[in-house]
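One file, work-v2.txt, carrying compact mmCIF, C-alpha atoms:
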# COMPACT_ATOMS: atom_id res chain seq x y z
CA MET A 1 9.13 -17.93 36.26
CA THR A 2 12.78 -18.76 35.64
CA ALA A 3 15.24 -19.45 38.45
CA ASN A 4 16.25 -15.76 38.59
CA GLY A 5 12.64 -14.58 38.80
CA THR A 6 12.15 -13.55 35.17
CA ASP A 7 8.67 -14.03 33.70
CA GLU A 8 9.49 -16.61 31.03
CA THR A 9 6.43 -15.82 28.88
CA ALA A 10 7.24 -12.12 28.89
CA ALA A 11 10.90 -12.77 28.12
CA ARG A 12 9.96 -14.97 25.16
CA ALA A 13 7.62 -12.24 23.91
CA VAL A 14 10.46 -9.73 24.02
CA VAL A 15 12.73 -12.08 22.07
CA ASP A 16 10.03 -12.75 19.47
CA ILE A 17 9.44 -9.03 18.95
CA VAL A 18 13.14 -8.15 18.82
CA THR A 19 13.88 -10.85 16.25
CA GLY A 20 10.85 -9.97 14.10
CA THR A 21 12.98 -8.01 11.66
CA TRP A 22 15.17 -11.07 11.14
CA ARG A 23 12.14 -12.93 9.79
CA SER A 24 11.21 -10.15 7.41
CA GLN A 25 14.80 -9.84 6.19
CA ALA A 26 15.02 -13.59 5.68
CA LEU A 27 11.89 -13.35 3.53
CA TYR A 28 13.49 -10.46 1.64
CA ALA A 29 16.66 -12.52 1.10
CA ALA A 30 14.61 -15.34 -0.40
CA VAL A 31 13.04 -12.89 -2.85
CA ALA A 32 16.30 -11.09 -3.66
CA LEU A 33 17.98 -14.44 -4.40
CA GLY A 34 15.02 -15.60 -6.47
CA LEU A 35 14.58 -18.77 -4.40
CA PRO A 36 10.82 -19.18 -5.00
CA ASP A 37 11.37 -18.93 -8.75
CA HIS A 38 14.34 -21.30 -8.69
CA LEU A 39 12.39 -23.81 -6.62
CA ALA A 40 9.52 -23.65 -9.11
CA GLU A 41 12.06 -24.44 -11.86
CA GLY A 42 12.99 -27.67 -10.09
CA HIS A 43 15.97 -26.65 -7.95
CA VAL A 44 14.90 -28.36 -4.73
CA THR A 45 18.11 -28.73 -2.68
CA SER A 46 20.25 -26.07 -1.05
CA ALA A 47 23.18 -26.94 -3.29
CA SER A 48 21.09 -26.61 -6.44
CA LEU A 49 19.41 -23.42 -5.22
CA ALA A 50 22.79 -21.95 -4.28
CA ALA A 51 24.25 -22.72 -7.69
CA ARG A 52 21.26 -21.17 -9.44
CA ALA A 53 21.32 -18.09 -7.21
CA GLN A 54 25.11 -17.77 -7.26
CA ALA A 55 25.14 -17.93 -3.47
CA ASP A 56 26.97 -19.85 -0.74
CA PRO A 57 25.50 -23.37 -0.27
CA ASP A 58 25.83 -23.29 3.51
CA GLY A 59 24.22 -19.87 3.69
CA VAL A 60 21.31 -21.02 1.53
CA LEU A 61 20.88 -24.17 3.64
CA ARG A 62 20.64 -22.12 6.83
CA LEU A 63 18.30 -19.60 5.23
CA MET A 64 16.03 -22.37 3.94
CA ARG A 65 15.91 -24.04 7.36
CA LEU A 66 14.58 -20.85 8.89
CA LEU A 67 12.12 -20.20 6.06
CA VAL A 68 10.75 -23.73 6.40
CA ALA A 69 10.32 -23.20 10.14
CA ILE A 70 8.23 -20.06 9.60
CA GLY A 71 6.13 -21.60 6.83
CA VAL A 72 7.56 -19.91 3.74
CA PHE A 73 8.74 -23.24 2.28
CA ASP A 74 8.11 -26.89 3.10
CA GLY A 75 10.32 -29.98 3.04
CA ASP A 76 14.01 -30.31 3.85
CA ASP A 77 17.37 -30.62 2.12
CA ARG A 78 17.22 -34.43 2.06
CA THR A 79 13.75 -34.89 0.55
CA GLY A 80 13.69 -31.60 -1.34
CA TYR A 81 12.10 -28.24 -0.62
CA ARG A 82 8.61 -27.35 -1.80
CA LEU A 83 6.64 -24.18 -2.33
CA THR A 84 3.87 -23.29 0.11
CA PRO A 85 0.96 -20.84 -0.43
CA ILE A 86 3.22 -18.15 1.07
CA SER A 87 6.15 -18.71 -1.29
CA GLN A 88 3.77 -19.02 -4.24
CA LEU A 89 3.01 -15.33 -3.61
CA LEU A 90 6.73 -14.53 -3.92
CA ARG A 91 7.20 -15.80 -7.46
CA THR A 92 7.90 -13.46 -10.37
CA GLY A 93 5.21 -12.59 -12.88
CA THR A 94 2.17 -14.14 -11.25
CA ALA A 95 -1.05 -12.12 -10.99
CA THR A 96 -1.01 -12.20 -7.18
CA SER A 97 2.74 -11.84 -6.68
CA MET A 98 3.89 -9.88 -3.61
CA ARG A 99 7.54 -10.11 -4.65
CA GLU A 100 8.04 -6.40 -5.33
CA MET A 101 6.46 -5.48 -2.02
CA CYS A 102 9.00 -7.70 -0.24
CA ARG A 103 11.86 -6.09 -2.17
CA LEU A 104 10.85 -2.50 -1.37
CA TYR A 105 10.17 -3.26 2.28
CA GLY A 106 13.43 -5.17 2.55
CA GLU A 107 15.53 -2.41 0.99
CA GLU A 108 14.55 1.28 1.12
CA PHE A 109 11.79 0.92 3.68
CA HIS A 110 13.96 -1.25 5.94
CA GLN A 111 16.65 1.41 5.80
CA ALA A 112 14.14 4.13 6.64
CA TRP A 113 12.98 2.22 9.71
CA GLY A 114 16.54 2.48 11.00
CA SER A 115 15.67 6.11 11.75
CA VAL A 116 12.63 5.26 13.87
CA VAL A 117 13.96 6.94 17.03
CA THR A 118 14.73 10.14 15.13
CA ALA A 119 11.30 10.09 13.48
CA VAL A 120 9.47 9.62 16.80
CA ARG A 121 11.54 12.34 18.47
CA THR A 122 11.07 14.89 15.70
CA GLY A 123 7.76 13.85 14.14
CA ARG A 124 9.48 13.93 10.75
CA SER A 125 9.87 11.22 8.14
CA GLY A 126 12.43 8.52 8.88
CA PHE A 127 12.85 8.07 5.12
CA GLU A 128 13.87 11.71 4.72
CA HIS A 129 16.40 11.36 7.51
CA ALA A 130 17.86 8.19 5.96
CA PHE A 131 17.93 9.34 2.32
CA ASP A 132 18.28 13.14 2.63
CA ARG A 133 15.14 13.65 0.53
CA THR A 134 11.44 13.00 0.91
CA LEU A 135 9.88 9.79 -0.36
CA HIS A 136 8.05 11.73 -3.07
CA GLU A 137 11.31 13.36 -4.20
CA TYR A 138 13.04 9.98 -4.19
CA LEU A 139 10.35 8.42 -6.37
CA ALA A 140 10.55 11.29 -8.86
CA GLU A 141 14.34 11.56 -9.00
CA VAL A 142 15.78 8.04 -8.68
CA PRO A 143 15.56 6.03 -11.94
CA GLY A 144 13.16 3.13 -11.61
CA ALA A 145 12.06 4.02 -8.08
CA GLY A 146 8.57 5.12 -9.11
CA GLN A 147 7.97 1.88 -11.01
CA ARG A 148 9.19 -0.24 -8.09
CA PHE A 149 7.00 1.70 -5.67
CA LEU A 150 3.90 1.21 -7.81
CA ASP A 151 4.66 -2.49 -8.22
CA ALA A 152 4.97 -2.80 -4.45
CA MET A 153 1.72 -0.91 -3.88
CA ASN A 154 -0.02 -3.22 -6.35
CA ALA A 155 1.26 -6.23 -4.43
CA GLY A 156 -0.41 -4.94 -1.26
CA SER A 157 -3.70 -4.08 -2.95
CA ALA A 158 -5.72 -7.27 -2.58
CA PHE A 159 -8.55 -5.16 -1.17
CA PHE A 160 -9.09 -3.46 -4.54
CA ALA A 161 -11.12 -6.49 -5.64
CA ASP A 162 -13.71 -5.69 -2.95
CA VAL A 163 -14.34 -2.12 -4.08
CA PRO A 164 -16.64 -2.64 -7.12
CA ALA A 165 -19.19 -4.50 -4.98
CA ALA A 166 -18.78 -2.41 -1.83
CA PHE A 167 -20.33 0.71 -3.38
CA ASP A 168 -23.18 1.27 -5.82
CA PHE A 169 -21.41 2.63 -8.90
CA THR A 170 -24.56 2.35 -11.02
CA ARG A 171 -25.76 5.71 -9.66
CA GLY A 172 -23.20 7.64 -11.74
CA LYS A 173 -21.32 7.63 -15.02
CA THR A 174 -17.94 9.24 -14.36
CA ILE A 175 -15.09 8.48 -11.96
CA ALA A 176 -11.77 10.16 -11.16
CA ASP A 177 -8.91 8.35 -9.47
CA LEU A 178 -6.82 11.05 -7.80
CA GLY A 179 -3.20 10.00 -7.32
CA GLY A 180 -4.22 6.86 -9.22
CA GLY A 181 -0.70 5.46 -9.38
CA SER A 182 -0.51 2.18 -11.26
CA GLY A 183 -4.09 2.32 -12.56
CA ASN A 184 -4.88 -0.97 -10.83
CA LEU A 185 -7.82 0.35 -8.80
CA MET A 186 -9.28 2.29 -11.73
CA SER A 187 -8.98 -0.76 -13.99
CA THR A 188 -10.65 -2.96 -11.38
CA VAL A 189 -13.64 -0.61 -11.09
CA LEU A 190 -13.95 -0.03 -14.85
CA GLU A 191 -13.81 -3.78 -15.56
CA ALA A 192 -16.67 -4.41 -13.16
CA HIS A 193 -18.76 -1.45 -14.36
CA PRO A 194 -18.58 -1.06 -18.16
CA HIS A 195 -20.90 1.98 -18.10
CA LEU A 196 -18.29 4.09 -16.29
CA HIS A 197 -15.81 6.45 -17.92
CA GLY A 198 -12.83 7.65 -15.93
CA VAL A 199 -9.92 10.02 -15.60
CA LEU A 200 -6.76 9.12 -13.68
CA VAL A 201 -4.60 11.95 -12.33
CA ASP A 202 -1.05 11.64 -11.02
CA LYS A 203 2.43 13.09 -11.42
CA GLU A 204 3.96 12.70 -14.87
CA HIS A 205 6.59 10.15 -13.83
CA MET A 206 3.85 7.81 -12.54
CA LEU A 207 1.66 7.80 -15.66
CA PRO A 208 3.41 5.24 -17.94
CA VAL A 209 2.59 2.42 -15.53
CA ALA A 210 -1.06 3.49 -15.36
CA ARG A 211 -1.36 3.65 -19.14
CA ASN A 212 0.11 0.17 -19.51
CA GLN A 213 -2.23 -1.22 -16.87
CA LEU A 214 -5.31 0.27 -18.50
CA VAL A 215 -4.30 -1.02 -21.94
CA ALA A 216 -3.53 -4.51 -20.61
CA ARG A 217 -6.93 -4.75 -18.97
CA GLY A 218 -8.89 -3.36 -21.89
CA CYS A 219 -9.98 -0.15 -20.20
CA ALA A 220 -7.84 2.45 -21.96
CA ASP A 221 -10.67 3.58 -24.25
CA ARG A 222 -12.76 4.52 -21.22
CA CYS A 223 -10.12 6.30 -19.15
CA GLU A 224 -8.12 9.46 -19.74
CA VAL A 225 -4.72 9.64 -18.05
CA VAL A 226 -3.74 13.15 -17.01
CA ALA A 227 -0.62 14.65 -15.39
CA GLY A 228 -1.45 17.05 -12.60
CA ASP A 229 -1.13 18.13 -8.98
CA ILE A 230 -4.31 17.12 -7.18
CA PHE A 231 -3.56 19.62 -4.42
CA GLU A 232 -3.92 22.39 -6.99
CA ALA A 233 -7.01 21.17 -8.87
CA VAL A 234 -9.06 18.04 -9.62
CA PRO A 235 -11.28 17.16 -12.61
CA LYS A 236 -14.65 18.91 -12.52
CA ASP A 237 -18.18 17.53 -12.80
CA VAL A 238 -17.31 13.96 -11.81
CA ASP A 239 -19.70 11.60 -10.03
CA PHE A 240 -17.15 9.64 -7.98
CA TYR A 241 -13.73 10.72 -6.70
CA LEU A 242 -11.39 7.93 -5.60
CA LEU A 243 -8.70 8.60 -3.00
CA SER A 244 -6.85 5.37 -2.30
CA ARG A 245 -4.06 5.59 0.30
CA ILE A 246 -3.60 9.29 -0.46
CA LEU A 247 -4.79 11.10 2.67
CA GLN A 248 -2.49 8.92 4.79
CA ASP A 249 0.57 10.77 3.49
CA TRP A 250 -0.58 14.28 4.40
CA ASP A 251 -1.41 16.39 7.44
CA ASP A 252 -4.95 17.51 8.21
CA SER A 253 -4.71 20.92 6.55
CA GLU A 254 -3.47 19.45 3.27
CA CYS A 255 -6.13 16.74 3.38
CA ILE A 256 -8.80 19.42 3.86
CA THR A 257 -7.38 21.32 0.88
CA LEU A 258 -7.62 18.25 -1.35
CA LEU A 259 -11.08 17.28 -0.12
CA THR A 260 -12.29 20.85 -0.61
CA HIS A 261 -11.16 20.65 -4.26
CA CYS A 262 -13.26 17.50 -4.59
CA ARG A 263 -16.27 19.13 -2.94
CA ARG A 264 -16.17 22.16 -5.21
CA ALA A 265 -15.60 20.09 -8.36
CA MET A 266 -18.47 17.63 -7.78
CA ALA A 267 -20.96 17.24 -10.61
CA ASP A 268 -23.89 17.70 -8.21
CA GLU A 269 -25.09 16.82 -4.72
CA SER A 270 -25.32 13.12 -5.63
CA ALA A 271 -21.54 12.91 -6.21
CA ARG A 272 -19.40 11.07 -3.67
CA VAL A 273 -15.78 10.88 -2.51
CA LEU A 274 -14.57 7.31 -1.92
CA ILE A 275 -11.67 7.07 0.51
CA LEU A 276 -9.67 3.85 0.93
CA GLU A 277 -7.52 3.81 4.06
CA ARG A 278 -6.78 1.74 7.13
CA VAL A 279 -8.78 3.21 10.01
CA ILE A 280 -7.35 3.04 13.52
CA PRO A 281 -9.93 1.25 15.69
CA ASP A 282 -10.99 2.81 18.96
CA SER A 283 -10.14 -0.41 20.77
CA GLY A 284 -6.60 -0.63 19.39
CA THR A 285 -6.97 -4.39 19.01
CA GLU A 286 -6.30 -4.57 15.26
CA VAL A 287 -2.54 -4.45 14.90
CA LEU A 288 -2.17 -3.90 11.14
CA PRO A 289 -3.59 -0.34 11.08
CA LEU A 290 -1.34 0.54 14.03
CA LEU A 291 1.72 -0.89 12.30
CA TRP A 292 0.87 1.03 9.14
CA ASP A 293 0.31 4.20 11.15
CA LEU A 294 3.89 4.14 12.46
CA HIS A 295 5.18 2.99 9.06
CA LEU A 296 3.65 6.09 7.47
CA LEU A 297 5.58 8.27 9.90
CA MET A 298 8.74 6.48 8.82
CA MET A 299 8.04 6.88 5.10
CA ALA A 300 6.37 10.24 4.49
CA GLY A 301 5.64 11.77 7.86
CA GLY A 302 2.06 10.61 7.35
CA ARG A 303 -0.47 8.85 9.54
CA GLU A 304 -3.47 6.58 9.70
CA ARG A 305 -6.52 8.14 11.37
CA THR A 306 -9.43 7.20 13.58
CA LEU A 307 -12.97 7.44 12.24
CA ALA A 308 -13.49 10.59 14.30
CA SER A 309 -10.39 12.17 12.69
CA TYR A 310 -11.74 11.43 9.21
CA GLU A 311 -15.08 12.95 10.17
CA SER A 312 -13.25 16.07 11.30
CA ILE A 313 -11.29 16.62 8.08
CA LEU A 314 -14.35 15.83 5.99
CA ASP A 315 -16.33 18.41 7.91
CA GLY A 316 -13.56 20.95 7.29
CA ALA A 317 -14.03 20.40 3.54
CA GLY A 318 -17.81 20.65 3.51
CA LEU A 319 -18.33 16.89 3.43
CA ARG A 320 -19.85 14.33 5.77
CA LEU A 321 -19.18 10.65 6.34
CA GLU A 322 -22.10 8.79 4.79
CA SER A 323 -21.10 5.13 5.17
CA VAL A 324 -18.26 2.81 6.14
CA HIS A 325 -17.47 -0.50 4.41
CA PRO A 326 -14.83 -3.02 5.60
CA LEU A 327 -12.50 -4.42 2.92
CA ALA A 328 -9.76 -7.06 2.91
CA LEU A 329 -6.48 -6.64 4.82
CA GLU A 330 -8.16 -4.49 7.50
CA THR A 331 -8.73 -1.72 4.95
CA THR A 332 -11.86 0.46 4.96
CA LEU A 333 -13.90 2.24 2.30
CA LEU A 334 -15.24 5.56 3.59
CA VAL A 335 -17.99 7.15 1.50
CA ALA A 336 -18.25 10.94 1.85
CA ALA A 337 -21.21 13.04 0.69
CA PRO A 338 -21.72 16.82 0.51
CA ALA A 339 -22.53 18.25 3.94
CA ARG A 340 -25.14 20.59 2.49
CA PRO A 341 -25.81 22.04 -0.97
CA ASP A 342 -24.45 25.52 -0.37
CA ARG A 343 -21.28 24.75 1.61
CA SER A 344 -17.85 25.25 -0.01
CA ARG A 345 -19.52 26.69 -3.12
Would you mind writing the structure in this file as C-alpha cells?
Amino acid sequence: MTANGTDETAARAVVDIVTGTWRSQALYAAVALGLPDHLAEGHVTSASLAARAQADPDGVLRLMRLLVAIGVFDGDDRTGYRLTPISQLLRTGTATSMREMCRLYGEEFHQAWGSVVTAVRTGRSGFEHAFDRTLHEYLAEVPGAGQRFLDAMNAGSAFFADVPAAFDFTRGKTIADLGGGSGNLMSTVLEAHPHLHGVLVDKEHMLPVARNQLVARGCADRCEVVAGDIFEAVPKDVDFYLLSRILQDWDDSECITLLTHCRRAMADESARVLILERVIPDSGTEVLPLLWDLHLLMMAGGRERTLASYESILDGAGLRLESVHPLALETTLLVAAPARPDRSR
C-alpha cells in the first residue's frame, strides 16, 4: 500500500494496461520509419538511423530507448543498436516478416479501436463508425487496401504450417479454400500433399495476390482460382472445405448459410469442413482469443466463439464437430463431418 492507501500493485497494473497502446504504437513507428531495415544495413546509432529515416535525431533516440527497454532492439546509442529476434520479424521481404501486420494494426485498425465505446454500446463495427464504410467495402474500394490486408493476414498466419500434419489429407483428392485470400494456406497444404488438387474462391479484387502466391510456390497447376460469393454458392463435389478466419466475421445465421452450402456441396459423406479459428476457452484464461474477440467487433462486427457455439452453428447446417486440433498462436482446427446422410439434402 502507498501512503494514501492505494494498492500499489493494482495501480501499477492500471498504468501498464493504459500505456499498452503506447508500446504498440512505438512498434508501429519503428516499422513505419523502417528502423529494422536501416539497422540491418549498418545504421546503428540514433543519428545515423534518423538521417536514413529522414526523422528527428532526438525523437529517434527516445524511440529507440523505449524499444530497447521492451526487447524490440538491443544495445544503446554509445555502443550501437542491434536487432533482436523480435525486430528480425519486422524487416522487409523476409519469409517470416510481420511488418505489414504492424502497419495495418498501427494505422487503420488503431483508428478503428478509437471507436471502441461506440462499438460496445451499439454492437456495431468500430471500423464502420471510424471510416463510414464496412471493412469489406474499404478493402474493395480503397486502392491497395486489399493487398495490405492480405499481407497483414499472412504475417499473422504462422499456424498455417501446422495444418498439413494436423489432419489426414490422404483420405481425399480435392480441396476448396473458401475466402482463400492470399493463397498462403492453400499453397501450404498443396505443397505438403502433392496428390491434392484445389480451387480457391474469393472476391475478384483479392485474387491477384492468390494467383501470385500459388505461382511462386509451384502450386498453380494444381489449383484453380475463382471469383465468387461463398455465401451464394461453393464448389461442388469437393472432399475438403477450408474456412480459415471466415466465420469470425459473420453472425450465426450467415455462418449457418455458408456451412449449409458446404454440407450440400460435399462430394459424399466422407467429406469434411476444416475450420480455423481462435476458440474462446471456457475458463477465460487464454487472453489472445479474448483480445481477438473484441478486435473482431471493432473491425467487422464479428466475434470469436466458444466450442459450444461452434457446435450449435454446425448443427444448424447439418454438420457435427468431429475433432479439435490445437495449432500455433492459440488457434484451433475444428473438423466438421456430416451429421447424418440425409440431412440438408
Between CA of Thr260 in chain A and CA of Glu204 in chain A - distance in Å to one decimal: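 These two atoms are separated by 23.1 Å.
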Nearest to Ala339 in chain A, chosen from A:Ile230, A:Thr92, A:Met266, A:Leu314, with only C-alpha atoms counted in the distances: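 Smallest distance to Ala339 in chain A is found for A:Leu314.
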Range 38-50 of chain A surroundings by only C-alpha atoms, 12 Å radius, close-in-sequence under 2 positions cut, as number ranges by chain: A: 30-36, 52-65, 73-84, 87-92
Selection: 10 Å around Phe131 in chain A, all atoms listed in the file, excl. self and same-chain fewer than 3 positions, as an MDAnalysis selection string: chainID A and resid 108 111:112 126:128 134:135 138
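Distance annotation: of A:Arg23, A:Arg320, A:His110, A:Arg99, the residue with the minimal separation from Glu269 in chain A is A:Arg320; atom set is only C-alpha atoms.
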Distance query range 151-157 of chain A at most 9 Å, all atoms listed in the file, self and fewer than 6 positions along chain excluded, as number ranges by chain: A: 96-105, 181-182, 184-185, 328-329
Coordinates-based distance that separates CA of Met186 in chain A from CA of Pro208 in chain A (Å, one decimal):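 That distance, rounded to one decimal, is 14.4 Å.
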Residues near Thr306 in chain A, cut-off 8 Å, all atoms listed in the file, skip fewer than 5 positions along chain, as number ranges by chain: A: 279-282
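The interatomic distance for the pair CA of Glu286 in chain A and CA of His325 in chain A works out to 16.1 Å.
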From A:Cys262, A:Ala317, A:Ala300, A:Ile256, residue lying nearest Ala233 in chain A [only C-alpha atoms]: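 Under the stated criterion, the closest residue is A:Cys262.
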Top pick for closest residue to Glu322 in chain A, considering A:Asp162, A:Cys255, A:Phe167, A:Ser283 and counting all atoms listed in the file: A:Phe167
Residue among A:Ala337, A:Val199, A:Leu327, A:Ala308 lying closest to Arg263 in chain A, counting all atoms listed in the file: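 When distances to Arg263 in chain A are compared using all atoms listed in the file, the smallest one comes from A:Ala337.
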A:Gly179, A:Pro289, A:Gly218, A:Gly316 ranked by distance to Ala192 in chain A, top pick (using all atoms listed in the file):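 For Ala192 in chain A, the nearest of the given residues is A:Gly218.
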Contacts of Gly302 in chain A at 9 Å (only C-alpha atoms; same-chain gap of 6+ positions) as a PyMOL selection string: chain A and resi 124-125+247-251+293-296
